[in-house]
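Source file: data-v3.cif; contents: mmCIF, C-alpha atoms and all ligand atoms.
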data_start
#
loop_
_atom_site.label_atom_id
_atom_site.label_comp_id
_atom_site.auth_asym_id
_atom_site.auth_seq_id
_atom_site.Cartn_x
_atom_site.Cartn_y
_atom_site.Cartn_z
CA MET A 275 74.88 124.82 107.72
CA ASN A 276 71.71 122.91 108.40
CA ALA A 277 71.06 119.52 106.88
CA PRO A 278 68.65 119.85 103.97
CA GLU A 279 65.10 119.00 104.91
CA SER A 280 62.89 117.14 102.50
CA ALA A 281 59.77 115.07 102.33
CA VAL A 282 61.85 112.01 103.17
CA LEU A 283 62.51 113.39 106.63
CA THR A 284 58.92 114.21 107.43
CA ILE A 285 56.86 111.41 105.87
CA PRO A 286 56.54 108.41 108.21
CA ALA A 287 57.35 104.99 106.76
CA ARG A 288 54.27 103.61 105.00
CA PRO A 289 52.75 100.87 107.13
CA MET A 290 53.20 97.29 105.93
CA PRO A 291 50.67 95.65 108.25
CA HIS A 292 51.32 92.14 106.95
CA VAL A 293 55.10 92.28 107.34
CA LEU A 294 56.55 91.61 110.81
CA ASN A 295 57.77 94.79 112.39
CA THR A 296 61.49 93.95 112.70
CA TYR A 297 63.03 96.96 110.96
CA GLY A 298 62.99 100.71 111.44
CA ARG A 299 62.65 101.60 107.77
CA LEU A 300 63.02 104.90 105.97
CA PRO A 301 59.96 106.03 103.97
CA ILE A 302 61.66 105.22 100.68
CA ALA A 303 60.63 102.50 98.21
CA LEU A 304 63.37 101.91 95.67
CA SER A 305 62.15 100.94 92.23
CA HIS A 306 65.21 100.54 90.01
CA GLY A 307 68.91 101.16 89.74
CA LYS A 308 71.85 101.53 87.40
CA GLY A 309 75.48 101.28 88.47
CA CYS A 310 75.85 103.13 91.80
CA TRP A 311 72.54 104.98 91.42
CA LEU A 312 69.03 104.12 92.63
CA TRP A 313 65.65 105.72 91.98
CA ASP A 314 62.61 105.55 94.23
CA THR A 315 58.96 105.26 93.28
CA GLU A 316 58.60 109.06 93.63
CA GLY A 317 61.34 109.60 91.03
CA ARG A 318 64.02 110.75 93.52
CA LYS A 319 67.61 109.70 92.75
CA TYR A 320 70.15 108.40 95.27
CA LEU A 321 73.88 107.70 95.19
CA ASP A 322 74.30 104.23 96.69
CA ALA A 323 77.14 104.18 99.22
CA LEU A 324 75.52 101.27 101.08
CA GLY A 325 75.42 98.64 98.32
CA GLY A 326 72.53 96.78 99.96
CA ILE A 327 74.79 96.48 103.08
CA ALA A 328 77.98 95.40 101.27
CA VAL A 329 76.13 93.12 98.89
CA ASN A 330 75.82 94.74 95.43
CA THR A 331 79.42 94.17 94.35
CA LEU A 332 78.67 95.06 90.73
CA GLY A 333 76.13 97.76 91.53
CA HIS A 334 72.67 97.65 89.99
CA ALA A 335 71.59 96.26 86.60
CA HIS A 336 75.18 95.47 85.59
CA PRO A 337 75.28 95.07 81.79
CA LYS A 338 77.25 91.81 81.98
CA LEU A 339 75.53 90.26 85.02
CA VAL A 340 71.93 90.86 83.92
CA PRO A 341 72.06 88.85 80.67
CA ALA A 342 73.94 86.02 82.40
CA LEU A 343 71.27 85.78 85.11
CA GLN A 344 68.48 86.04 82.53
CA ASP A 345 70.08 83.16 80.65
CA GLN A 346 70.29 81.09 83.84
CA VAL A 347 66.69 81.80 84.90
CA ALA A 348 65.52 80.63 81.49
CA ARG A 349 67.56 77.39 81.79
CA LEU A 350 67.32 76.23 85.40
CA ILE A 351 66.76 77.94 88.75
CA HIS A 352 66.70 75.10 91.24
CA THR A 353 67.08 71.33 91.25
CA SER A 354 68.07 70.31 94.86
CA ASN A 355 71.20 68.66 96.13
CA TYR A 356 69.88 65.19 95.26
CA TYR A 357 71.62 65.74 91.92
CA GLU A 358 74.95 67.07 90.72
CA VAL A 359 75.10 70.82 90.21
CA PRO A 360 78.11 71.39 87.93
CA LEU A 361 78.06 75.15 88.63
CA GLN A 362 78.78 74.33 92.31
CA GLU A 363 82.06 72.71 91.34
CA GLN A 364 82.85 75.66 89.07
CA LEU A 365 82.29 78.23 91.82
CA ALA A 366 83.99 76.11 94.50
CA ALA A 367 87.06 75.65 92.28
CA LYS A 368 87.26 79.40 91.67
CA LEU A 369 86.92 80.18 95.39
CA CYS A 370 89.70 77.67 96.14
CA GLU A 371 91.93 79.22 93.45
CA ILE A 372 91.56 82.76 94.79
CA SER A 373 91.70 81.85 98.50
CA GLY A 374 94.31 79.08 98.47
CA LEU A 375 91.83 76.87 100.37
CA SER A 376 90.60 73.39 99.44
CA GLY A 377 86.81 73.04 99.29
CA ALA A 378 83.47 74.83 99.76
CA PHE A 379 79.96 74.13 101.05
CA PHE A 380 77.22 76.40 99.69
CA CYS A 381 74.29 77.90 101.57
CA ASN A 382 72.17 81.06 101.29
CA SER A 383 73.34 83.69 103.75
CA GLY A 384 76.03 84.84 106.13
CA LEU A 385 74.51 83.33 109.22
CA GLU A 386 74.16 79.99 107.48
CA ALA A 387 77.82 80.09 106.44
CA ASN A 388 78.72 80.84 110.06
CA GLU A 389 76.46 78.07 111.38
CA ALA A 390 78.30 75.66 109.09
CA ALA A 391 81.64 76.97 110.37
CA LEU A 392 80.54 76.46 113.99
CA LYS A 393 79.36 72.92 113.21
CA ILE A 394 82.75 72.21 111.60
CA ALA A 395 84.51 73.52 114.75
CA ARG A 396 82.40 71.36 117.07
CA LYS A 397 82.76 68.24 114.91
CA PHE A 398 86.51 68.88 114.65
CA GLY A 399 86.58 68.85 118.46
CA HIS A 400 84.42 65.74 118.81
CA ASP A 401 86.64 63.94 116.28
CA LYS A 402 89.58 64.71 118.61
CA GLY A 403 87.69 63.31 121.62
CA ILE A 404 86.59 66.69 123.06
CA ASP A 405 82.95 66.25 124.11
CA ALA A 406 82.21 69.90 125.00
CA PRO A 407 84.25 71.91 122.49
CA GLU A 408 84.65 75.67 122.97
CA VAL A 409 85.19 78.41 120.39
CA ILE A 410 86.92 81.72 121.09
CA VAL A 411 84.76 84.66 119.94
CA TYR A 412 85.03 88.43 120.18
CA GLU A 413 83.65 91.53 121.84
CA ARG A 414 81.62 93.63 119.35
CA ALA A 415 81.55 90.73 116.84
CA PHE A 416 78.55 90.16 114.60
CA HIS A 417 77.99 86.77 112.99
CA GLY A 418 74.22 86.68 112.38
CA ARG A 419 70.85 86.31 114.04
CA SER A 420 70.26 82.57 114.38
CA ILE A 421 70.47 81.33 117.96
CA ALA A 422 74.03 80.01 117.58
CA THR A 423 75.37 82.99 115.60
CA LEU A 424 73.77 85.58 117.89
CA SER A 425 75.33 83.69 120.80
CA ALA A 426 78.71 84.01 119.07
CA SER A 427 78.08 87.71 118.39
CA GLY A 428 79.40 90.20 120.92
CA ASN A 429 76.49 92.64 120.97
CA PRO A 430 74.09 92.49 123.95
CA LYS A 431 71.35 94.20 121.88
CA VAL A 432 71.37 91.34 119.37
CA GLN A 433 71.15 88.77 122.17
CA ALA A 434 68.57 90.49 124.40
CA GLY A 435 65.36 88.51 124.70
CA PHE A 436 66.68 85.34 123.09
CA GLY A 437 68.30 83.49 125.96
CA PRO A 438 69.28 80.91 126.88
CA LEU A 439 72.25 81.45 124.62
CA VAL A 440 74.14 78.56 123.04
CA PRO A 441 77.02 77.57 125.34
CA GLY A 442 80.57 76.83 124.27
CA PHE A 443 81.85 80.33 123.51
CA VAL A 444 84.74 82.10 125.26
CA ARG A 445 84.87 85.85 124.59
CA VAL A 446 87.99 88.00 124.24
CA PRO A 447 88.72 91.59 123.14
CA LEU A 448 89.96 92.18 119.57
CA ASN A 449 93.67 92.70 118.87
CA ASP A 450 94.81 91.41 122.28
CA LEU A 451 96.92 88.30 121.69
CA ALA A 452 97.74 87.94 125.40
CA ALA A 453 94.02 87.43 126.11
CA VAL A 454 93.90 84.52 123.66
CA GLN A 455 97.13 83.06 125.08
CA GLU A 456 95.55 83.18 128.53
CA VAL A 457 92.53 81.24 127.19
CA ALA A 458 94.94 78.70 125.69
CA ARG A 459 96.46 78.15 129.15
CA SER A 460 93.18 77.88 131.03
CA ARG A 461 90.64 76.21 128.68
CA PRO A 462 91.67 72.78 127.36
CA ASN A 463 88.45 72.32 125.35
CA VAL A 464 89.03 75.20 122.93
CA VAL A 465 89.03 73.99 119.33
CA ALA A 466 88.80 77.18 117.23
CA VAL A 467 89.17 80.95 117.08
CA PHE A 468 86.33 82.68 115.21
CA LEU A 469 86.46 86.33 114.18
CA GLU A 470 85.67 88.80 111.43
CA THR A 471 88.90 89.84 109.72
CA ILE A 472 87.41 93.36 109.81
CA GLN A 473 84.41 93.72 112.12
CA GLY A 474 81.52 95.25 110.17
CA GLU A 475 78.39 95.74 112.27
CA GLY A 476 80.57 96.28 115.35
CA GLY A 477 81.83 99.56 113.89
CA VAL A 478 84.35 98.78 111.10
CA ASN A 479 87.09 97.55 113.45
CA PRO A 480 90.04 95.97 111.61
CA SER A 481 92.09 93.17 113.12
CA ARG A 482 95.72 94.26 113.09
CA TRP A 483 97.73 92.21 110.59
CA GLU A 484 100.34 91.25 113.27
CA TYR A 485 97.45 90.11 115.46
CA LEU A 486 96.16 87.80 112.72
CA GLN A 487 99.68 86.45 112.20
CA GLY A 488 99.93 85.83 115.95
CA LEU A 489 96.56 84.03 115.95
CA ARG A 490 97.70 81.87 113.03
CA ARG A 491 100.83 80.82 114.97
CA LEU A 492 98.83 80.15 118.13
CA CYS A 493 96.24 78.07 116.27
CA ASP A 494 99.04 75.99 114.73
CA GLU A 495 100.69 75.45 118.12
CA GLN A 496 97.40 74.55 119.83
CA GLY A 497 95.88 72.50 117.00
CA TRP A 498 92.94 74.95 116.75
CA LEU A 499 91.06 76.02 113.64
CA LEU A 500 91.40 79.66 112.60
CA MET A 501 87.96 80.65 111.29
CA LEU A 502 87.76 84.07 109.60
CA ASP A 503 84.29 85.47 108.92
CA GLU A 504 84.74 87.37 105.62
CA VAL A 505 81.00 87.71 105.01
CA GLN A 506 81.26 91.51 104.92
CA CYS A 507 84.94 92.28 104.22
CA GLY A 508 85.59 89.52 101.64
CA ILE A 509 85.08 89.32 97.85
CA GLY A 510 87.36 92.17 96.83
CA ARG A 511 85.99 94.84 99.17
CA THR A 512 89.39 95.72 100.67
CA GLY A 513 91.23 95.58 97.35
CA ARG A 514 92.24 91.92 97.69
CA TRP A 515 89.95 88.95 97.25
CA PHE A 516 89.95 88.40 101.01
CA ALA A 517 91.01 90.78 103.78
CA TYR A 518 93.22 88.14 105.46
CA GLN A 519 95.44 88.18 102.36
CA TRP A 520 96.83 91.55 103.52
CA ALA A 521 98.26 89.73 106.56
CA GLY A 522 99.87 87.00 104.45
CA ILE A 523 98.13 84.19 106.33
CA GLN A 524 95.55 81.50 105.52
CA PRO A 525 92.50 80.61 107.63
CA ASP A 526 91.31 77.03 108.06
CA VAL A 527 87.65 78.00 107.61
CA MET A 528 86.20 81.09 105.87
CA PRO A 529 82.45 81.89 105.80
CA LEU A 530 81.36 84.11 102.89
CA ALA A 531 78.07 85.59 101.67
CA LYS A 532 76.95 89.19 100.91
CA GLY A 533 79.04 90.29 97.87
CA LEU A 534 79.54 86.79 96.47
CA GLY A 535 76.33 86.81 94.41
CA SER A 536 76.19 90.56 93.79
CA GLY A 537 72.62 90.61 95.18
CA VAL A 538 71.48 87.04 94.57
CA PRO A 539 71.57 85.25 97.96
CA VAL A 540 74.66 83.02 98.11
CA GLY A 541 76.57 81.83 101.16
CA ALA A 542 79.64 79.63 101.32
CA VAL A 543 81.96 78.18 103.89
CA VAL A 544 85.38 77.62 102.35
CA CYS A 545 87.73 75.19 104.10
CA GLY A 546 91.47 74.56 104.12
CA PRO A 547 93.11 71.14 104.41
CA ARG A 548 92.53 70.77 108.19
CA ALA A 549 88.79 71.38 107.92
CA VAL A 550 87.78 70.19 104.49
CA ASN A 551 87.04 66.59 105.49
CA VAL A 552 85.47 67.26 108.89
CA LEU A 553 81.88 67.07 107.60
CA GLY A 554 80.76 63.94 105.81
CA PRO A 555 77.56 62.65 104.21
CA GLY A 556 74.56 63.35 106.44
CA ASN A 557 76.36 65.87 108.68
CA HIS A 558 75.01 69.01 107.04
CA GLY A 559 72.62 70.07 104.30
CA THR A 560 70.33 72.67 102.76
CA THR A 561 67.42 72.71 100.31
CA PHE A 562 68.25 75.89 98.40
CA GLY A 563 72.00 76.17 98.99
CA GLY A 564 74.13 75.86 95.88
CA ASN A 565 71.25 76.05 93.44
CA PRO A 566 72.06 76.79 89.78
CA LEU A 567 70.84 80.40 89.86
CA ALA A 568 72.85 81.26 92.99
CA MET A 569 75.94 79.49 91.66
CA ARG A 570 75.72 81.26 88.32
CA ALA A 571 75.49 84.59 90.16
CA GLY A 572 78.67 83.70 92.07
CA VAL A 573 80.57 82.48 89.03
CA GLU A 574 79.62 85.55 86.98
CA THR A 575 80.35 87.99 89.81
CA LEU A 576 83.90 86.68 90.20
CA ARG A 577 84.41 86.48 86.42
CA ILE A 578 83.26 90.06 85.84
CA MET A 579 85.33 91.29 88.78
CA GLU A 580 88.45 89.81 87.19
CA GLU A 581 87.59 90.89 83.66
CA ASP A 582 86.87 94.49 84.66
CA GLY A 583 89.58 94.99 87.30
CA VAL A 584 86.95 95.59 89.99
CA MET A 585 89.27 94.83 92.91
CA ALA A 586 91.90 97.31 91.77
CA ASN A 587 89.09 99.83 91.43
CA ALA A 588 87.92 99.14 95.00
CA ALA A 589 91.47 99.74 96.26
CA ALA A 590 92.03 102.96 94.30
CA VAL A 591 88.57 104.50 94.79
CA GLY A 592 88.58 103.39 98.44
CA GLU A 593 91.88 105.17 99.00
CA ALA A 594 90.61 108.36 97.32
CA LEU A 595 87.35 108.25 99.28
CA HIS A 596 89.19 107.72 102.55
CA ALA A 597 91.55 110.60 101.72
CA GLY A 598 88.61 112.87 100.86
CA LEU A 599 86.86 112.07 104.13
CA VAL A 600 90.06 112.65 106.13
CA ARG A 601 90.62 115.96 104.28
CA GLU A 602 87.11 117.20 105.15
CA LEU A 603 86.53 115.65 108.56
CA GLY A 604 89.89 114.54 109.98
CA GLY A 605 90.79 116.32 113.21
CA LEU A 606 87.35 117.91 113.65
CA HIS A 607 86.08 118.00 117.21
CA GLY A 608 83.60 115.11 117.49
CA VAL A 609 85.25 112.93 114.82
CA VAL A 610 86.94 110.09 116.70
CA ASP A 611 88.42 108.11 113.80
CA ILE A 612 88.16 107.42 110.07
CA ARG A 613 89.22 103.85 109.37
CA GLY A 614 88.79 100.80 107.19
CA ALA A 615 90.28 99.31 104.05
CA GLY A 616 89.34 99.71 100.41
CA LEU A 617 85.60 100.34 100.07
CA MET A 618 84.79 99.44 103.68
CA ILE A 619 85.07 102.70 105.59
CA GLY A 620 83.85 103.73 109.03
CA ILE A 621 83.69 107.29 110.37
CA GLU A 622 83.39 107.10 114.14
CA LEU A 623 81.77 110.13 115.79
CA ALA A 624 81.83 110.94 119.48
CA ARG A 625 78.08 110.48 119.88
CA PRO A 626 75.23 108.43 118.39
CA CYS A 627 74.46 109.64 114.89
CA GLY A 628 71.66 107.41 113.58
CA VAL A 629 69.78 110.53 112.52
CA LEU A 630 72.30 110.96 109.68
CA LEU A 631 70.77 108.00 107.84
CA ALA A 632 67.60 109.93 107.00
CA ARG A 633 69.44 113.22 106.50
CA ALA A 634 71.80 111.63 103.99
CA ALA A 635 68.90 109.96 102.18
CA ALA A 636 67.13 113.33 102.03
CA ALA A 637 70.26 114.73 100.41
CA GLY A 638 70.34 111.87 97.91
CA LEU A 639 72.93 109.59 99.52
CA LEU A 640 72.42 106.08 100.97
CA ILE A 641 74.73 105.14 103.85
CA SER A 642 74.37 103.27 107.12
CA VAL A 643 75.14 103.99 110.74
CA THR A 644 76.34 101.03 112.78
CA ALA A 645 77.38 100.55 116.42
CA ASP A 646 75.32 103.72 117.14
CA SER A 647 78.04 106.21 116.27
CA VAL A 648 79.89 104.87 113.21
CA ILE A 649 78.91 106.04 109.72
CA ARG A 650 79.57 103.08 107.45
CA ILE A 651 80.31 103.33 103.74
CA VAL A 652 80.26 100.01 101.83
CA PRO A 653 79.30 100.94 98.24
CA PRO A 654 79.34 98.81 95.11
CA LEU A 655 82.94 98.01 94.17
CA ILE A 656 82.40 99.58 90.74
CA MET A 657 82.09 103.08 92.24
CA SER A 658 84.00 105.68 90.18
CA HIS A 659 86.35 108.37 91.48
CA ASP A 660 83.77 110.98 90.52
CA GLU A 661 81.03 109.18 92.46
CA ALA A 662 83.34 108.85 95.48
CA ALA A 663 83.94 112.61 95.31
CA GLN A 664 80.17 113.10 95.32
CA VAL A 665 79.89 110.91 98.46
CA VAL A 666 82.38 113.23 100.17
CA ALA A 667 80.61 116.33 98.87
CA ILE A 668 77.18 115.24 100.11
CA LEU A 669 78.15 113.54 103.36
CA CYS A 670 80.73 115.86 104.88
CA PRO A 671 78.53 119.00 105.15
CA LEU A 672 75.87 116.84 106.84
CA VAL A 673 78.41 115.52 109.34
CA LYS A 674 79.73 119.03 110.01
CA ALA A 675 76.20 120.32 110.58
CA PHE A 676 75.49 117.40 112.89
CA LEU A 677 78.66 118.08 114.87
CA ALA A 678 77.72 121.74 115.16
CA GLN A 679 74.40 120.84 116.80
CA THR A 680 74.49 120.88 120.58
C1 LIG B 701 80.53 89.65 109.31
C2 LIG B 701 79.13 89.19 109.16
N1 LIG B 701 78.85 87.89 109.37
C3 LIG B 701 77.59 87.43 109.22
C4 LIG B 701 76.55 88.25 108.88
C5 LIG B 701 75.17 87.70 108.74
O1 LIG B 701 74.86 87.62 107.40
P1 LIG B 701 73.31 87.41 106.93
O2 LIG B 701 72.61 88.67 107.27
O3 LIG B 701 73.43 87.17 105.46
O4 LIG B 701 72.80 86.24 107.67
C6 LIG B 701 76.81 89.60 108.65
C7 LIG B 701 75.71 90.52 108.30
O5 LIG B 701 75.78 91.70 108.41
C8 LIG B 701 78.13 90.08 108.80
O6 LIG B 701 78.42 91.37 108.60
#

Can you turn what I pasted into structure tokens?
Ligand SMILES: Cc1ncc(COP(=O)(O)O)c(C=O)c1O
Amino acid sequence: MNAPESAVLTIPARPMPHVLNTYGRLPIALSHGKGCWLWDTEGRKYLDALGGIAVNTLGHAHPKLVPALQDQVARLIHTSNYYEVPLQEQLAAKLCEISGLSGAFFCNSGLEANEAALKIARKFGHDKGIDAPEVIVYERAFHGRSIATLSASGNPKVQAGFGPLVPGFVRVPLNDLAAVQEVARSRPNVVAVFLETIQGEGGVNPSRWEYLQGLRRLCDEQGWLLMLDEVQCGIGRTGRWFAYQWAGIQPDVMPLAKGLGSGVPVGAVVCGPRAVNVLGPGNHGTTFGGNPLAMRAGVETLRIMEEDGVMANAAAVGEALHAGLVRELGGLHGVVDIRGAGLMIGIELARPCGVLLARAAAAGLLISVTADSVIRIVPPLIMSHDEAAQVVAILCPLVKAFLAQT
């Protein structure tokens, strides 16, 4: 079966001559949405299995979130951190309650949360008398596109053209505890281990739970910080608030962003007892971070998630979606693996499959392809069983047709 052709496949992206050319965009302009559905300016309808890249926790135009945000916009959007922002304390307290950690700093994005985490690691080292602290980072990791976070990332394409990279990183492969133990023996300046609990951009690569438990023990023995980037896999996506909770451990530092504001930009770095007092007045700051609108978005997202059982939904629908994909695609020649947790699923194919992005959009389904050959599904956490079945029904014939092509 051939992938359906449509205007979407043939029309080139409309030029945006005043916008820097940093994205290869599809020729689709989305105009509005409802739940897990989006419509474009031409009136075409799409099932959203991308969620704005794991951002739209509550989907689009959520009937409880919209009035809350309208109320906040009408009251106060921004004041600056010169003054108290009571909603910051409210969101920080909630994040501490659900994570078991002790305090949060708010910013605007994932890379900013990770920058704050890296500053905490370095300051933690300096406070111990280590002048050139080092942080263990990972092959295939993605932590953002600032100079420090792209240096920590393990993707040469993200780094190319931006050297010299920030020093102070030691790279290891994922899920290999012996490699980290070797670093512990040979590098006395290491102060922290920094990894995504489940790698997202790198191809949906989960850390094994025993590996995380081993890292926790090693960090305790060595006096290192365990810093878990939950920017993509956190906030209920795997069926628990945070993916590390499946392993029964606690990090010392946890950067968050993406799903926390359900589409409103919010970043946070949440710290446990060993890290919470590392930064003091004057050590770090932000103009926008923690503003009332962003904080209200975070507070309401978490409240609605609890009220509506959104995490349990992510677990159940994620399991059904995974099972449907395995039923249709598992064992097919050219399908390497179908993996993930909850509503964070990767289908690894044996060859690059970026072309599926446009083919799926033409068939009315929004997905992404990451690490060249991994189809990534990270939909809103409110997706229904019926919508998940539609994802399977639209996507799998496209994948089969792709695999049949020589
Ligand atoms: C795990 C992880 N960390 C950090 C980032 C960077 O987040 P942002 O794009 O908000 O800077 C991303 C973005 O994809 C991510 O997946």

Nearby residues, ligand LIG 701 (chain B), 10 Å, all atoms listed in the file, as JSON, numbers by chain:
{"A": [327, 328, 329, 382, 383, 384, 385, 386, 387, 388, 389, 415, 416, 417, 418, 419, 420, 423, 424, 427, 469, 470, 471, 472, 473, 474, 475, 476, 478, 502, 503, 504, 505, 506, 507, 508, 529, 530, 531, 532, 533, 539, 540, 541]}

Atom pair CA of Phe436 (chain A) + CA of Pro626 (chain A), distance 25.1 Å

Interatomic distance, CA of Leu439 (chain A) to CA of Glu408 (chain A) (Å, one decimal)
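Rounded to one decimal, the two atoms are 13.8 Å apart.
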
If we count all atoms listed in the file, what is near region 575-579 of chain A at a cut-off of 12 Å, once residues fewer than 2 positions away on the same chain are taken out, given as a ChimeraX atom specification?
/A:329-333,336-340,342-343,364-369,371-372,508-511,513-515,532-538,540,568-573,581-588,654-656

Any chance you could tabulate, as a tab-separated table, the residues of region 479-534 of chain A at most 8 Å from region 441-461 of chain A with each one's nearest atom pair and distance in Å to one decimal, using only C-alpha atoms, in chain and rising number order?
residue	atom	partner	partner_atom	distance
A:Ser481	CA	A:Asn449	CA	6.0
A:Arg482	CA	A:Asn449	CA	6.3
A:Tyr485	CA	A:Asn449	CA	5.7
A:Gly488	CA	A:Leu451	CA	6.9
A:Leu489	CA	A:Leu451	CA	7.2
A:Leu492	CA	A:Gln455	CA	7.7
A:Gln496	CA	A:Ala458	CA	7.6

Can you tell me, as an mmCIF file with C-alpha atoms, in the coordinates of the input, what residues are no more than 12 Å from Ala645 (chain A) when counting all atoms listed in the file, ignoring any on the same chain fewer than 3 positions away?
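Everything below was put into out34.cif:
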data_model
loop_
_atom_site.group_PDB
_atom_site.id
_atom_site.type_symbol
_atom_site.label_atom_id
_atom_site.label_comp_id
_atom_site.auth_asym_id
_atom_site.auth_seq_id
_atom_site.Cartn_x
_atom_site.Cartn_y
_atom_site.Cartn_z
ATOM 1 C CA ARG A 414 81.620 93.630 119.350
ATOM 2 C CA ALA A 415 81.550 90.730 116.840
ATOM 3 C CA PHE A 416 78.550 90.160 114.600
ATOM 4 C CA GLY A 428 79.400 90.200 120.920
ATOM 5 C CA ASN A 429 76.490 92.640 120.970
ATOM 6 C CA PRO A 430 74.090 92.490 123.950
ATOM 7 C CA LYS A 431 71.350 94.200 121.880
ATOM 8 C CA VAL A 432 71.370 91.340 119.370
ATOM 9 C CA GLN A 473 84.410 93.720 112.120
ATOM 10 C CA GLY A 474 81.520 95.250 110.170
ATOM 11 C CA GLU A 475 78.390 95.740 112.270
ATOM 12 C CA GLY A 476 80.570 96.280 115.350
ATOM 13 C CA GLY A 477 81.830 99.560 113.890
ATOM 14 C CA VAL A 478 84.350 98.780 111.100
ATOM 15 C CA ASN A 479 87.090 97.550 113.450
ATOM 16 C CA GLY A 620 83.850 103.730 109.030
ATOM 17 C CA ILE A 621 83.690 107.290 110.370
ATOM 18 C CA GLU A 622 83.390 107.100 114.140
ATOM 19 C CA LEU A 623 81.770 110.130 115.790
ATOM 20 C CA ALA A 624 81.830 110.940 119.480
ATOM 21 C CA ARG A 625 78.080 110.480 119.880
ATOM 22 C CA PRO A 626 75.230 108.430 118.390
ATOM 23 C CA CYS A 627 74.460 109.640 114.890
ATOM 24 C CA GLY A 628 71.660 107.410 113.580
ATOM 25 C CA SER A 642 74.370 103.270 107.120
ATOM 26 C CA VAL A 648 79.890 104.870 113.210
ATOM 27 C CA ILE A 649 78.910 106.040 109.720
ATOM 28 C CA ARG A 650 79.570 103.080 107.450
#
